[in-house]
file entry-v9.txt (compact mmCIF, C-alpha atoms)
# COMPACT_ATOMS: atom_id res chain seq x y z
CA MET A 7 264.15 182.67 53.89
CA GLN A 8 262.19 185.21 51.85
CA PHE A 9 259.47 184.34 49.39
CA SER A 10 257.92 186.69 46.89
CA SER A 11 254.55 185.00 47.49
CA LYS A 12 252.58 184.85 50.73
CA LEU A 13 250.75 181.73 49.50
CA ILE A 14 254.04 179.90 49.02
CA GLU A 15 255.34 181.16 52.35
CA ASN A 16 252.28 179.92 54.27
CA ALA A 17 252.42 176.52 52.59
CA VAL A 18 256.15 176.20 53.34
CA ASN A 19 255.53 177.08 56.98
CA GLU A 20 252.82 174.41 57.25
CA PHE A 21 255.06 171.71 55.78
CA ALA A 22 257.96 172.80 57.99
CA LYS A 23 255.84 172.04 61.08
CA LEU A 24 256.02 168.33 60.24
CA PRO A 25 258.72 166.33 62.02
CA GLY A 26 262.00 165.99 60.12
CA ILE A 27 261.04 168.59 57.50
CA GLY A 28 263.02 171.83 57.42
CA LYS A 29 262.35 174.98 55.42
CA LYS A 30 264.39 173.89 52.40
CA THR A 31 262.67 170.51 52.12
CA ALA A 32 259.31 172.19 52.69
CA LEU A 33 260.00 174.57 49.81
CA ARG A 34 260.94 171.66 47.56
CA LEU A 35 257.66 169.92 48.39
CA VAL A 36 255.60 173.08 47.86
CA LEU A 37 257.21 173.85 44.49
CA HIS A 38 256.57 170.23 43.52
CA LEU A 39 252.89 170.72 44.33
CA VAL A 40 252.81 173.98 42.35
CA LYS A 41 253.80 171.94 39.29
CA GLN A 42 251.10 169.28 39.83
CA ASN A 43 247.64 169.90 38.46
CA ALA A 44 245.09 171.38 40.82
CA GLN A 45 242.93 168.24 41.14
CA GLU A 46 245.85 166.18 42.37
CA VAL A 47 246.72 168.75 45.01
CA ASP A 48 243.07 168.99 46.07
CA MET A 49 243.11 165.20 46.37
CA PHE A 50 246.23 165.41 48.53
CA SER A 51 244.83 168.02 50.91
CA SER A 52 241.33 166.58 51.13
CA THR A 53 242.68 163.07 51.84
CA ILE A 54 244.75 164.42 54.74
CA ALA A 55 241.85 166.47 56.12
CA LYS A 56 239.40 163.56 55.77
CA MET A 57 241.86 161.22 57.49
CA ARG A 58 242.21 163.48 60.51
CA ASN A 59 238.50 164.28 60.74
CA GLU A 60 237.22 160.74 60.38
CA ILE A 61 239.91 158.69 62.09
CA LYS A 62 238.78 156.98 65.28
CA PHE A 63 240.52 155.02 67.96
CA CYS A 64 239.22 151.48 68.41
CA ARG A 65 237.31 151.47 71.72
CA LYS A 66 238.66 147.99 72.44
CA CYS A 67 242.37 148.10 71.59
CA TYR A 68 242.99 151.85 70.94
CA ASN A 69 244.45 151.18 67.51
CA VAL A 70 243.57 153.72 64.80
CA SER A 71 240.41 152.68 63.05
CA ASP A 72 237.90 153.76 60.41
CA THR A 73 235.05 152.42 62.57
CA THR A 74 234.19 152.21 66.28
CA THR A 75 236.08 148.96 66.68
CA CYS A 76 239.03 148.29 64.40
CA GLU A 77 239.45 145.81 61.54
CA ILE A 78 241.71 143.62 63.64
CA CYS A 79 239.33 143.40 66.62
CA ASN A 80 236.41 142.75 64.24
CA ASN A 81 238.22 139.94 62.43
CA THR A 82 236.70 136.76 63.90
CA ILE A 83 239.31 134.54 62.23
CA ARG A 84 241.97 135.98 64.57
CA LYS A 85 242.55 134.33 67.91
CA GLN A 86 240.43 136.34 70.34
CA ASN A 87 242.26 135.21 73.49
CA PHE A 88 245.77 136.40 72.65
CA ILE A 89 246.62 140.04 73.27
CA CYS A 90 249.85 141.63 72.09
CA VAL A 91 250.59 144.79 74.11
CA VAL A 92 252.41 147.52 72.17
CA GLU A 93 253.47 151.10 72.80
CA ASN A 94 251.96 152.75 69.72
CA ILE A 95 250.18 152.33 66.41
CA ARG A 96 253.42 152.07 64.46
CA ASP A 97 254.31 148.92 66.40
CA VAL A 98 250.99 147.34 65.40
CA ILE A 99 251.83 147.98 61.75
CA ALA A 100 255.37 146.60 62.21
CA ILE A 101 254.11 143.39 63.80
CA GLU A 102 251.27 142.99 61.29
CA ASN A 103 253.82 143.19 58.48
CA THR A 104 255.68 140.16 59.90
CA GLN A 105 252.46 138.10 59.45
CA GLN A 106 253.55 136.07 62.48
CA PHE A 107 250.87 137.13 64.96
CA ASN A 108 247.24 136.23 64.59
CA GLY A 109 245.76 137.52 67.84
CA LEU A 110 244.52 140.93 68.98
CA TYR A 111 246.43 144.03 70.07
CA HIS A 112 246.32 146.56 72.85
CA VAL A 113 247.90 149.96 72.21
CA LEU A 114 249.14 151.55 75.44
CA GLY A 115 249.64 154.99 73.90
CA GLY A 116 253.14 155.26 75.41
CA ILE A 117 255.19 153.63 78.13
CA ILE A 118 255.70 154.47 81.78
CA SER A 119 258.44 157.09 81.89
CA PRO A 120 258.48 159.23 85.05
CA LEU A 121 261.27 161.43 83.64
CA ASP A 122 258.96 162.45 80.78
CA GLY A 123 256.05 162.83 83.18
CA ILE A 124 254.21 159.79 81.82
CA GLY A 125 252.61 157.69 84.54
CA PRO A 126 250.33 154.64 84.31
CA ASP A 127 247.18 156.79 84.38
CA GLN A 128 248.02 158.46 81.06
CA LEU A 129 248.18 155.05 79.38
CA THR A 130 245.41 152.57 78.59
CA ILE A 131 246.59 150.15 81.28
CA ASN A 132 243.31 150.02 83.24
CA ALA A 133 241.40 149.23 80.05
CA LEU A 134 243.91 146.45 79.32
CA VAL A 135 243.48 144.91 82.77
CA GLN A 136 239.68 145.12 82.39
CA ARG A 137 239.88 143.44 78.97
CA ILE A 138 241.97 140.60 80.38
CA LYS A 139 239.47 140.10 83.21
CA ASP A 140 236.40 140.24 80.98
CA GLU A 141 237.46 138.48 77.81
CA ASN A 142 238.90 135.19 79.06
CA ILE A 143 242.36 136.00 77.69
CA GLU A 144 244.81 133.10 77.57
CA GLU A 145 248.09 134.93 76.92
CA VAL A 146 249.35 138.51 77.10
CA ILE A 147 252.43 139.10 74.94
CA PHE A 148 254.43 142.25 75.66
CA ALA A 149 256.07 143.67 72.53
CA LEU A 150 257.66 146.78 74.02
CA ASN A 151 260.98 148.32 73.15
CA PRO A 152 263.76 146.70 75.21
CA ASN A 153 264.78 149.50 77.57
CA ILE A 154 264.28 150.54 81.19
CA GLN A 155 260.90 152.20 80.49
CA GLY A 156 259.67 149.13 78.61
CA ASP A 157 260.75 146.80 81.40
CA THR A 158 259.19 149.09 84.04
CA THR A 159 255.90 149.02 82.13
CA ILE A 160 255.98 145.22 81.87
CA TYR A 161 256.73 144.96 85.59
CA TYR A 162 253.94 147.38 86.52
CA ILE A 163 251.30 145.68 84.39
CA GLY A 164 252.58 142.25 85.49
CA ARG A 165 251.88 143.16 89.11
CA LYS A 166 248.37 144.35 88.24
CA LEU A 167 247.72 140.96 86.65
CA LYS A 168 249.15 138.80 89.42
CA ASP A 169 245.73 137.65 90.70
CA ILE A 170 244.42 136.87 87.23
CA LYS A 171 245.08 133.47 85.68
CA VAL A 172 246.75 134.46 82.40
CA LYS A 173 250.05 133.56 80.76
CA ILE A 174 252.36 136.57 80.43
CA THR A 175 255.20 136.57 77.93
CA THR A 176 257.45 139.05 76.20
CA ILE A 177 258.96 138.98 72.72
CA ALA A 178 262.47 137.51 72.67
CA ARG A 179 265.42 139.82 73.11
CA GLY A 180 268.62 138.68 71.47
CA ILE A 181 271.00 139.19 68.61
CA ALA A 182 269.13 140.56 65.61
CA PHE A 183 269.07 138.46 62.47
CA GLY A 184 271.96 139.61 60.29
CA GLY A 185 273.64 141.23 63.31
CA GLU A 186 277.16 140.44 64.41
CA LEU A 187 278.09 139.15 67.87
CA GLU A 188 281.14 141.34 68.27
CA TYR A 189 279.11 144.53 67.78
CA ALA A 190 276.25 143.52 70.09
CA ASP A 191 276.08 145.36 73.42
CA GLU A 192 276.84 143.34 76.56
CA MET A 193 273.30 143.51 77.90
CA THR A 194 271.79 142.03 74.75
CA LEU A 195 274.49 139.38 74.44
CA ALA A 196 274.10 138.45 78.13
CA LYS A 197 270.31 138.14 77.79
CA SER A 198 270.66 136.11 74.61
CA ILE A 199 272.83 133.60 76.51
CA THR A 200 270.58 133.44 79.59
CA ASN A 201 267.49 132.95 77.40
CA ARG A 202 269.12 130.51 74.99
CA ILE A 203 266.72 128.20 73.15
CA PRO A 204 267.02 124.54 72.09
CA VAL A 205 268.15 124.32 68.49
CA GLU A 206 265.17 122.18 67.48
CA ASN A 207 262.83 125.03 68.56
CA TYR A 208 264.92 127.52 66.63
CA ILE A 209 264.83 125.50 63.43
CA SER A 210 261.14 124.67 63.58
CA ALA A 211 260.32 128.34 64.18
CA SER A 212 262.13 129.60 61.11
CA MET B 278 253.07 147.69 54.09
CA GLN B 279 249.66 146.86 55.54
CA PHE B 280 247.50 149.26 57.51
CA SER B 281 244.45 148.36 59.51
CA SER B 282 242.83 151.64 58.43
CA LYS B 283 241.95 152.71 54.92
CA LEU B 284 242.05 156.38 55.97
CA ILE B 285 245.64 156.03 57.15
CA GLU B 286 246.57 154.07 54.05
CA ASN B 287 245.19 156.73 51.70
CA ALA B 288 246.92 159.53 53.58
CA VAL B 289 250.23 157.62 53.55
CA ASN B 290 249.91 157.05 49.80
CA GLU B 291 249.31 160.76 49.21
CA PHE B 292 252.37 161.78 51.21
CA ALA B 293 254.48 159.10 49.52
CA LYS B 294 253.80 160.75 46.14
CA LEU B 295 255.90 163.74 47.21
CA PRO B 296 259.55 163.72 46.09
CA GLY B 297 262.00 162.21 48.58
CA ILE B 298 259.26 160.81 50.82
CA GLY B 299 258.98 157.03 51.07
CA LYS B 300 256.28 154.95 52.71
CA LYS B 301 257.97 154.85 56.11
CA THR B 302 258.48 158.62 56.28
CA ALA B 303 254.93 159.13 55.00
CA LEU B 304 253.59 156.94 57.81
CA ARG B 305 255.59 158.91 60.37
CA LEU B 306 254.10 162.17 59.05
CA VAL B 307 250.55 160.79 59.01
CA LEU B 308 250.79 159.43 62.57
CA HIS B 309 252.16 162.82 63.62
CA LEU B 310 249.07 164.47 62.13
CA VAL B 311 246.79 161.96 63.86
CA LYS B 312 248.18 163.23 67.17
CA GLN B 313 247.62 166.91 66.30
CA ASN B 314 244.24 168.46 66.95
CA ALA B 315 241.79 168.57 64.06
CA GLN B 316 241.90 172.36 63.53
CA GLU B 317 245.66 172.31 63.00
CA VAL B 318 245.39 169.56 60.42
CA ASP B 319 242.54 171.40 58.68
CA MET B 320 244.78 174.47 58.63
CA PHE B 321 247.56 172.38 57.08
CA SER B 322 245.40 170.91 54.33
CA SER B 323 243.46 174.08 53.55
CA THR B 324 246.67 176.13 53.30
CA ILE B 325 248.09 173.68 50.76
CA ALA B 326 244.86 173.57 48.74
CA LYS B 327 244.50 177.37 48.82
CA MET B 328 248.11 177.78 47.73
CA ARG B 329 247.65 175.54 44.69
CA ASN B 330 244.27 176.98 43.72
CA GLU B 331 245.20 180.63 44.04
CA ILE B 332 248.83 180.66 42.98
CA LYS B 333 249.48 182.46 39.72
CA PHE B 334 252.49 182.89 37.53
CA CYS B 335 253.56 186.49 37.01
CA ARG B 336 252.63 187.37 33.41
CA LYS B 337 255.81 189.41 33.13
CA CYS B 338 258.56 187.26 34.67
CA TYR B 339 256.81 183.87 35.22
CA ASN B 340 257.75 183.82 38.91
CA VAL B 341 255.08 182.43 41.27
CA SER B 342 252.83 185.20 42.44
CA ASP B 343 249.73 185.93 44.51
CA THR B 344 248.61 188.50 41.93
CA THR B 345 248.72 188.90 38.14
CA THR B 346 252.16 190.46 38.26
CA CYS B 347 254.48 189.50 41.09
CA GLU B 348 255.72 191.48 44.09
CA ILE B 349 259.15 191.83 42.54
CA CYS B 350 257.91 193.17 39.19
CA ASN B 351 255.53 195.54 41.03
CA ASN B 352 258.26 196.91 43.27
CA THR B 353 259.13 200.27 41.71
CA ILE B 354 262.19 200.71 43.95
CA ARG B 355 263.90 197.86 42.09
CA LYS B 356 265.95 198.65 38.99
CA GLN B 357 263.53 198.07 36.11
CA ASN B 358 266.20 197.72 33.43
CA PHE B 359 268.18 194.80 34.84
CA ILE B 360 266.86 191.29 34.21
CA CYS B 361 268.32 188.23 35.91
CA VAL B 362 267.48 185.09 33.89
CA VAL B 363 267.03 181.94 36.00
CA GLU B 364 265.94 178.37 35.40
CA ASN B 365 263.24 178.10 38.06
CA ILE B 366 261.46 179.68 41.01
CA ARG B 367 263.84 178.18 43.54
CA ASP B 368 266.71 180.11 41.95
CA VAL B 369 264.76 183.36 42.39
CA ILE B 370 264.41 182.62 46.11
CA ALA B 371 268.11 181.68 46.38
CA ILE B 372 269.23 184.93 44.74
CA GLU B 373 266.73 187.05 46.69
CA ASN B 374 268.17 185.63 49.91
CA THR B 375 271.63 186.94 49.01
CA GLN B 376 270.16 190.50 48.95
CA GLN B 377 272.76 191.34 46.28
CA PHE B 378 270.44 191.82 43.31
CA ASN B 379 267.99 194.64 43.03
CA GLY B 380 266.63 194.22 39.51
CA LEU B 381 263.91 192.05 38.00
CA TYR B 382 263.87 188.36 37.10
CA HIS B 383 262.83 186.17 34.23
CA VAL B 384 262.04 182.52 34.99
CA LEU B 385 262.71 180.29 31.97
CA GLY B 386 260.86 177.28 33.41
CA GLY B 387 263.77 174.97 32.59
CA ILE B 388 266.86 174.96 30.38
CA ILE B 389 267.45 173.71 26.85
CA SER B 390 268.18 170.01 27.12
CA PRO B 391 267.58 168.03 23.91
CA LEU B 392 268.30 164.73 25.72
CA ASP B 393 265.34 165.39 28.04
CA GLY B 394 263.24 166.59 25.12
CA ILE B 395 263.25 170.20 26.25
CA GLY B 396 263.65 172.65 23.39
CA PRO B 397 263.51 176.48 23.33
CA ASP B 398 259.77 176.49 22.57
CA GLN B 399 258.90 174.88 25.91
CA LEU B 400 260.64 177.70 27.75
CA THR B 401 259.70 181.36 28.13
CA ILE B 402 262.52 182.50 25.82
CA ASN B 403 260.33 184.34 23.30
CA ALA B 404 258.68 186.27 26.11
CA LEU B 405 262.13 187.18 27.43
CA VAL B 406 263.30 188.46 24.03
CA GLN B 407 260.09 190.47 23.69
CA ARG B 408 260.58 191.98 27.16
CA ILE B 409 264.13 193.01 26.31
CA LYS B 410 262.93 194.64 23.09
CA ASP B 411 259.98 196.44 24.70
CA GLU B 412 261.28 197.49 28.09
CA ASN B 413 264.53 199.27 27.30
CA ILE B 414 266.59 196.75 29.26
CA GLU B 415 270.16 197.71 29.99
CA GLU B 416 271.64 194.39 31.15
CA VAL B 417 270.63 190.74 31.04
CA ILE B 418 272.36 188.63 33.72
CA PHE B 419 272.29 184.87 33.21
CA ALA B 420 272.22 182.98 36.53
CA LEU B 421 272.00 179.43 35.20
CA ASN B 422 273.63 176.32 36.62
CA PRO B 423 277.15 175.95 35.20
CA ASN B 424 276.80 172.92 32.94
CA ILE B 425 276.45 172.09 29.25
CA GLN B 426 272.69 172.71 29.21
CA GLY B 427 273.10 176.03 30.98
CA ASP B 428 275.81 177.14 28.56
CA THR B 429 273.72 175.98 25.56
CA THR B 430 270.79 178.04 26.82
CA ILE B 431 272.98 181.12 27.26
CA TYR B 432 274.40 180.65 23.76
CA TYR B 433 270.94 180.20 22.20
CA ILE B 434 269.42 183.25 23.89
CA GLY B 435 272.60 185.24 23.22
CA ARG B 436 272.18 184.65 19.49
CA LYS B 437 268.54 185.75 19.61
CA LEU B 438 269.66 188.99 21.24
CA LYS B 439 272.55 189.77 18.88
CA ASP B 440 270.68 192.54 17.06
CA ILE B 441 269.47 194.19 20.22
CA LYS B 442 271.64 196.69 22.05
CA VAL B 443 271.83 195.16 25.53
CA LYS B 444 274.69 194.13 27.81
CA ILE B 445 274.75 190.38 28.42
CA THR B 446 276.57 188.93 31.44
CA THR B 447 276.63 185.71 33.41
CA ILE B 448 277.27 185.16 37.10
CA ALA B 449 280.90 184.36 37.87
CA ARG B 450 282.02 180.75 37.85
CA GLY B 451 284.95 179.96 40.11
CA ILE B 452 286.06 178.37 43.32
CA ALA B 453 283.22 178.53 45.85
CA PHE B 454 283.80 180.51 49.01
CA GLY B 455 285.12 178.05 51.62
CA GLY B 456 286.05 175.56 48.89
CA GLU B 457 289.53 174.13 48.50
CA LEU B 458 291.62 174.44 45.36
CA GLU B 459 292.92 170.88 45.42
CA TYR B 460 289.40 169.45 45.37
CA ALA B 461 288.05 171.73 42.64
CA ASP B 462 287.47 170.11 39.25
CA GLU B 463 289.81 171.10 36.41
CA MET B 464 287.10 172.89 34.42
CA THR B 465 286.17 175.18 37.31
CA LEU B 466 289.78 175.84 38.22
CA ALA B 467 290.66 176.57 34.57
CA LYS B 468 287.73 179.02 34.22
CA SER B 469 288.61 180.71 37.49
CA ILE B 470 292.11 181.40 36.16
CA THR B 471 290.93 182.60 32.74
CA ASN B 472 288.38 184.90 34.33
CA ARG B 473 290.62 186.16 37.09
CA ILE B 474 289.69 189.55 38.57
CA PRO B 475 291.82 192.46 39.84
CA VAL B 476 292.22 192.21 43.61
CA GLU B 477 290.85 195.72 44.14
CA ASN B 478 287.56 194.64 42.51
CA TYR B 479 287.44 191.53 44.66
CA ILE B 480 287.97 193.47 47.88
CA SER B 481 285.50 196.21 47.05
CA ALA B 482 282.85 193.60 46.15
CA SER B 483 283.06 191.76 49.44
call {"tool": "encode", "arguments": {"input": "entry-v9.txt", "output": "structure tokens"}}
result
Amino acid sequence: MQFSSKLIENAVNEFAKLPGIGKKTALRLVLHLVKQNAQEVDMFSSTIAKMRNEIKFCRKCYNVSDTTTCEICNNTIRKQNFICVVENIRDVIAIENTQQFNGLYHVLGGIISPLDGIGPDQLTINALVQRIKDENIEEVIFALNPNIQGDTTIYYIGRKLKDIKVKITTIARGIAFGGELEYADEMTLAKSITNRIPVENYISAS
Amino acid sequence: MQFSSKLIENAVNEFAKLPGIGKKTALRLVLHLVKQNAQEVDMFSSTIAKMRNEIKFCRKCYNVSDTTTCEICNNTIRKQNFICVVENIRDVIAIENTQQFNGLYHVLGGIISPLDGIGPDQLTINALVQRIKDENIEEVIFALNPNIQGDTTIYYIGRKLKDIKVKITTIARGIAFGGELEYADEMTLAKSITNRIPVENYISAS
């Protein structure tokens, strides 16, 4: 694609580096910004730059944070002895939006996946184990994606915790709400039968 | 959507102001930037800010430009007496990419659309008429979208030019290359029959 302006071309190339944004979309975004007034665009670019320069990772749970420890870890109303283990920051936001969990988090920064060259040492697993030892944790809840890598990670961390007195659970796998039985894969359907729950629990939970 | 970080939240809100980008996509983009190193993100934001602050509109054709008059207007190899009239900057880029036009452009900045409150005075029509008078233009080629507003705009400008000796043409409307006759709308098909062209012209043009 040819542009008659180098400024436009550079801006398009920067946008096109973002995931899921091709040259045509990038051009649409850039021409949109050309039409906005200069203050708004300055606001846009300075907000992005400030975010990247000032963002920290919570030294306790590795969530993104504006301060040394994050809002969630600092919130004393939350149950300090429940840790929900997640793969990444997006999962924290997803679970927070359900408003069903009132404990703390631990962001692994990925999951064990030898094929992608990700081993336990690249994740925050040692810090997690240390936290569980030090902080008198009652329950560790794994909220990892239900696949081989997720299960491997749970198994690996589970073994590291076997000498520590702590309850270890994982979020339920089963048929999604609104889903249809006939379209569910066998694995999910099989697990949903094995891990069936008494109806009184199901009703009281909803 | 709740975020545990104000920095992330602000950045997501800025991205979500862009057309076609919702909160979820914005979050994906922001978390992508969090993972990039700080220099790259500074490069991203400074390129956007620089683009908006330094971009100019060519005082001759109203295309975006890095300088007072644009690259295309400054290019003396291009035919100076052919003007292609387009609605916006994106159309200039689209036509330039065909490499079939070697004249100059004139960007109207929109088309006449009373329903949207856009009249001739909000467009660069007077400047266009003045250019045609002053610059000894041989042909004006309208490359507007084929719809009522486009045709109205052509008609309006055509009337303004009726006392000036200049050839006025419009890009061909017809069945798109690769399109299928049976799916074409009646209007397009009808126009493509009325404006049929001798086969020798068709072959020599392709």
call {"tool": "closest_atom_pairs", "arguments": {"input": "entry-v9.txt", "of": "chain B", "to": "chain A", "cutoff": "7 Å", "atoms": "all atoms listed in the file", "output": "tab-separated table"}}
result
residue	atom	partner	partner_atom	distance
B:Met278	CA	A:Asn103	CA	6.3
B:Gln279	CA	A:Asn103	CA	6.3
B:Phe280	CA	A:Ile99	CA	6.2
B:Ser281	CA	A:Glu77	CA	6.0
B:Ser282	CA	A:Ser71	CA	5.3
B:Lys283	CA	A:Asp72	CA	6.9
B:Leu284	CA	A:Met57	CA	5.1
B:Ile285	CA	A:Met57	CA	6.4
B:Asn287	CA	A:Thr53	CA	6.8
B:Ala288	CA	A:Ile54	CA	5.5
B:Glu291	CA	A:Phe50	CA	5.6
B:Leu295	CA	A:Leu35	CA	6.5
B:Pro296	CA	A:Leu35	CA	6.9
B:Leu306	CA	A:Leu24	CA	6.6
B:Val311	CA	A:Arg58	CA	5.9
B:Ala315	CA	A:Arg58	CA	6.2
B:Val318	CA	A:Ala55	CA	6.4
B:Asp319	CA	A:Ala55	CA	5.6
B:Phe321	CA	A:Glu20	CA	5.6
B:Ser322	CA	A:Ser51	CA	4.5
B:Ser323	CA	A:Ser51	CA	6.8
B:Thr324	CA	A:Ala17	CA	5.8
B:Ile325	CA	A:Ala17	CA	5.5
B:Ala326	CA	A:Asp48	CA	5.6
B:Met328	CA	A:Leu13	CA	5.1
B:Arg329	CA	A:Val40	CA	5.9
B:Asn330	CA	A:Ala44	CA	6.4
B:Ile332	CA	A:Leu13	CA	6.9
B:Val341	CA	A:Ser11	CA	6.8
B:Ser342	CA	A:Ser11	CA	5.3
B:Asp343	CA	A:Ser11	CA	5.7
B:Glu348	CA	A:Ser10	CA	6.0
B:Ile349	CA	A:Ser10	CA	6.8
B:Ile370	CA	A:Phe9	CA	6.2
B:Asn374	CA	A:Gln8	CA	6.3
call {"tool": "atom_distance", "arguments": {"input": "entry-v9.txt", "atom1": "atom CA of B:Phe334", "atom2": "atom CA of B:His383"}}
result
11.3 Å
call {"tool": "atom_distance", "arguments": {"input": "entry-v9.txt", "atom1": "atom CA of B:Thr471", "atom2": "atom CA of B:Cys361"}}
result
23.5 Å
call {"tool": "closest_residue", "arguments": {"input": "entry-v9.txt", "among": "A:Ile163, A:Ala149, A:Ala32, A:Ile143", "to": "A:Ile101", "atoms": "all atoms listed in the file"}}
result
A:Ala149
call {"tool": "atom_distance", "arguments": {"input": "entry-v9.txt", "atom1": "atom CA of A:Thr158", "atom2": "atom CA of A:Tyr189"}}
result
26.1 Å
call {"tool": "closest_residue", "arguments": {"input": "entry-v9.txt", "among": "A:Phe107, A:Tyr161, A:Tyr68, A:Phe183", "to": "A:Leu134", "atoms": "only C-alpha atoms"}}
result
A:Tyr68
call {"tool": "residues_around", "arguments": {"input": "entry-v9.txt", "residues": "A:Val135", "least_positions_apart": "3", "cutoff": "9 Å", "atoms": "only C-alpha atoms", "output": "list in words"}}
result
Thr130, Ile131, Asn132, Ile138, Lys139, Asp140, Ile163, Lys166 and Leu167 of chain A
call {"tool": "decode", "arguments": {"input": "entry-v9.txt", "residues": "stretch 31-52 of chain A", "atoms": "N, CA and C atoms", "output": "PDB file, in the first residue's frame"}}
result
ATOM      1  N   THR A  31      -7.162  -1.843   8.297  1.00  0.00           N
ATOM      2  CA  THR A  31      -7.751  -1.377   9.550  1.00  0.00           C
ATOM      3  C   THR A  31      -6.886  -0.273  10.140  1.00  0.00           C
ATOM      4  N   ALA A  32      -5.567  -0.469  10.084  1.00  0.00           N
ATOM      5  CA  ALA A  32      -4.640   0.530  10.622  1.00  0.00           C
ATOM      6  C   ALA A  32      -4.863   1.876   9.936  1.00  0.00           C
ATOM      7  N   LEU A  33      -5.036   1.843   8.627  1.00  0.00           N
ATOM      8  CA  LEU A  33      -5.267   3.093   7.886  1.00  0.00           C
ATOM      9  C   LEU A  33      -6.561   3.760   8.322  1.00  0.00           C
ATOM     10  N   ARG A  34      -7.594   2.921   8.534  1.00  0.00           N
ATOM     11  CA  ARG A  34      -8.878   3.471   8.980  1.00  0.00           C
ATOM     12  C   ARG A  34      -8.716   4.173  10.335  1.00  0.00           C
ATOM     13  N   LEU A  35      -7.956   3.545  11.242  1.00  0.00           N
ATOM     14  CA  LEU A  35      -7.750   4.129  12.562  1.00  0.00           C
ATOM     15  C   LEU A  35      -6.955   5.434  12.455  1.00  0.00           C
ATOM     16  N   VAL A  36      -5.908   5.415  11.623  1.00  0.00           N
ATOM     17  CA  VAL A  36      -5.063   6.608  11.490  1.00  0.00           C
ATOM     18  C   VAL A  36      -5.868   7.769  10.899  1.00  0.00           C
ATOM     19  N   LEU A  37      -6.661   7.490   9.860  1.00  0.00           N
ATOM     20  CA  LEU A  37      -7.445   8.570   9.244  1.00  0.00           C
ATOM     21  C   LEU A  37      -8.531   9.066  10.200  1.00  0.00           C
ATOM     22  N   HIS A  38      -8.995   8.178  11.084  1.00  0.00           N
ATOM     23  CA  HIS A  38      -9.913   8.621  12.134  1.00  0.00           C
ATOM     24  C   HIS A  38      -9.211   9.620  13.053  1.00  0.00           C
ATOM     25  N   LEU A  39      -7.976   9.290  13.438  1.00  0.00           N
ATOM     26  CA  LEU A  39      -7.227  10.173  14.334  1.00  0.00           C
ATOM     27  C   LEU A  39      -6.886  11.510  13.661  1.00  0.00           C
ATOM     28  N   VAL A  40      -6.653  11.467  12.347  1.00  0.00           N
ATOM     29  CA  VAL A  40      -6.374  12.712  11.622  1.00  0.00           C
ATOM     30  C   VAL A  40      -7.550  13.680  11.779  1.00  0.00           C
ATOM     31  N   LYS A  41      -8.769  13.105  11.810  1.00  0.00           N
ATOM     32  CA  LYS A  41      -9.964  13.951  11.894  1.00  0.00           C
ATOM     33  C   LYS A  41     -10.232  14.473  13.310  1.00  0.00           C
ATOM     34  N   GLN A  42      -9.669  13.785  14.339  1.00  0.00           N
ATOM     35  CA  GLN A  42      -9.878  14.242  15.714  1.00  0.00           C
ATOM     36  C   GLN A  42      -9.030  15.483  15.965  1.00  0.00           C
ATOM     37  N   ASN A  43      -9.399  16.257  17.018  1.00  0.00           N
ATOM     38  CA  ASN A  43      -8.529  17.403  17.262  1.00  0.00           C
ATOM     39  C   ASN A  43      -7.263  16.968  17.991  1.00  0.00           C
ATOM     40  N   ALA A  44      -6.232  17.809  17.864  1.00  0.00           N
ATOM     41  CA  ALA A  44      -4.884  17.410  18.290  1.00  0.00           C
ATOM     42  C   ALA A  44      -4.810  17.043  19.778  1.00  0.00           C
ATOM     43  N   GLN A  45      -5.555  17.757  20.629  1.00  0.00           N
ATOM     44  CA  GLN A  45      -5.508  17.433  22.065  1.00  0.00           C
ATOM     45  C   GLN A  45      -5.958  15.998  22.338  1.00  0.00           C
ATOM     46  N   GLU A  46      -7.033  15.602  21.658  1.00  0.00           N
ATOM     47  CA  GLU A  46      -7.551  14.252  21.894  1.00  0.00           C
ATOM     48  C   GLU A  46      -6.531  13.199  21.501  1.00  0.00           C
ATOM     49  N   VAL A  47      -5.836  13.439  20.395  1.00  0.00           N
ATOM     50  CA  VAL A  47      -4.846  12.469  19.939  1.00  0.00           C
ATOM     51  C   VAL A  47      -3.629  12.473  20.871  1.00  0.00           C
ATOM     52  N   ASP A  48      -3.266  13.668  21.363  1.00  0.00           N
ATOM     53  CA  ASP A  48      -2.180  13.735  22.350  1.00  0.00           C
ATOM     54  C   ASP A  48      -2.564  12.943  23.602  1.00  0.00           C
ATOM     55  N   MET A  49      -3.830  13.091  23.998  1.00  0.00           N
ATOM     56  CA  MET A  49      -4.347  12.365  25.155  1.00  0.00           C
ATOM     57  C   MET A  49      -4.220  10.858  24.916  1.00  0.00           C
ATOM     58  N   PHE A  50      -4.624  10.429  23.735  1.00  0.00           N
ATOM     59  CA  PHE A  50      -4.532   9.016  23.365  1.00  0.00           C
ATOM     60  C   PHE A  50      -3.096   8.536  23.509  1.00  0.00           C
ATOM     61  N   SER A  51      -2.165   9.220  22.843  1.00  0.00           N
ATOM     62  CA  SER A  51      -0.790   8.702  22.816  1.00  0.00           C
ATOM     63  C   SER A  51      -0.115   8.823  24.169  1.00  0.00           C
ATOM     64  N   SER A  52      -0.411   9.902  24.907  1.00  0.00           N
ATOM     65  CA  SER A  52       0.261  10.037  26.199  1.00  0.00           C
ATOM     66  C   SER A  52      -0.285   9.034  27.218  1.00  0.00           C
TER      67      SER A  52
END
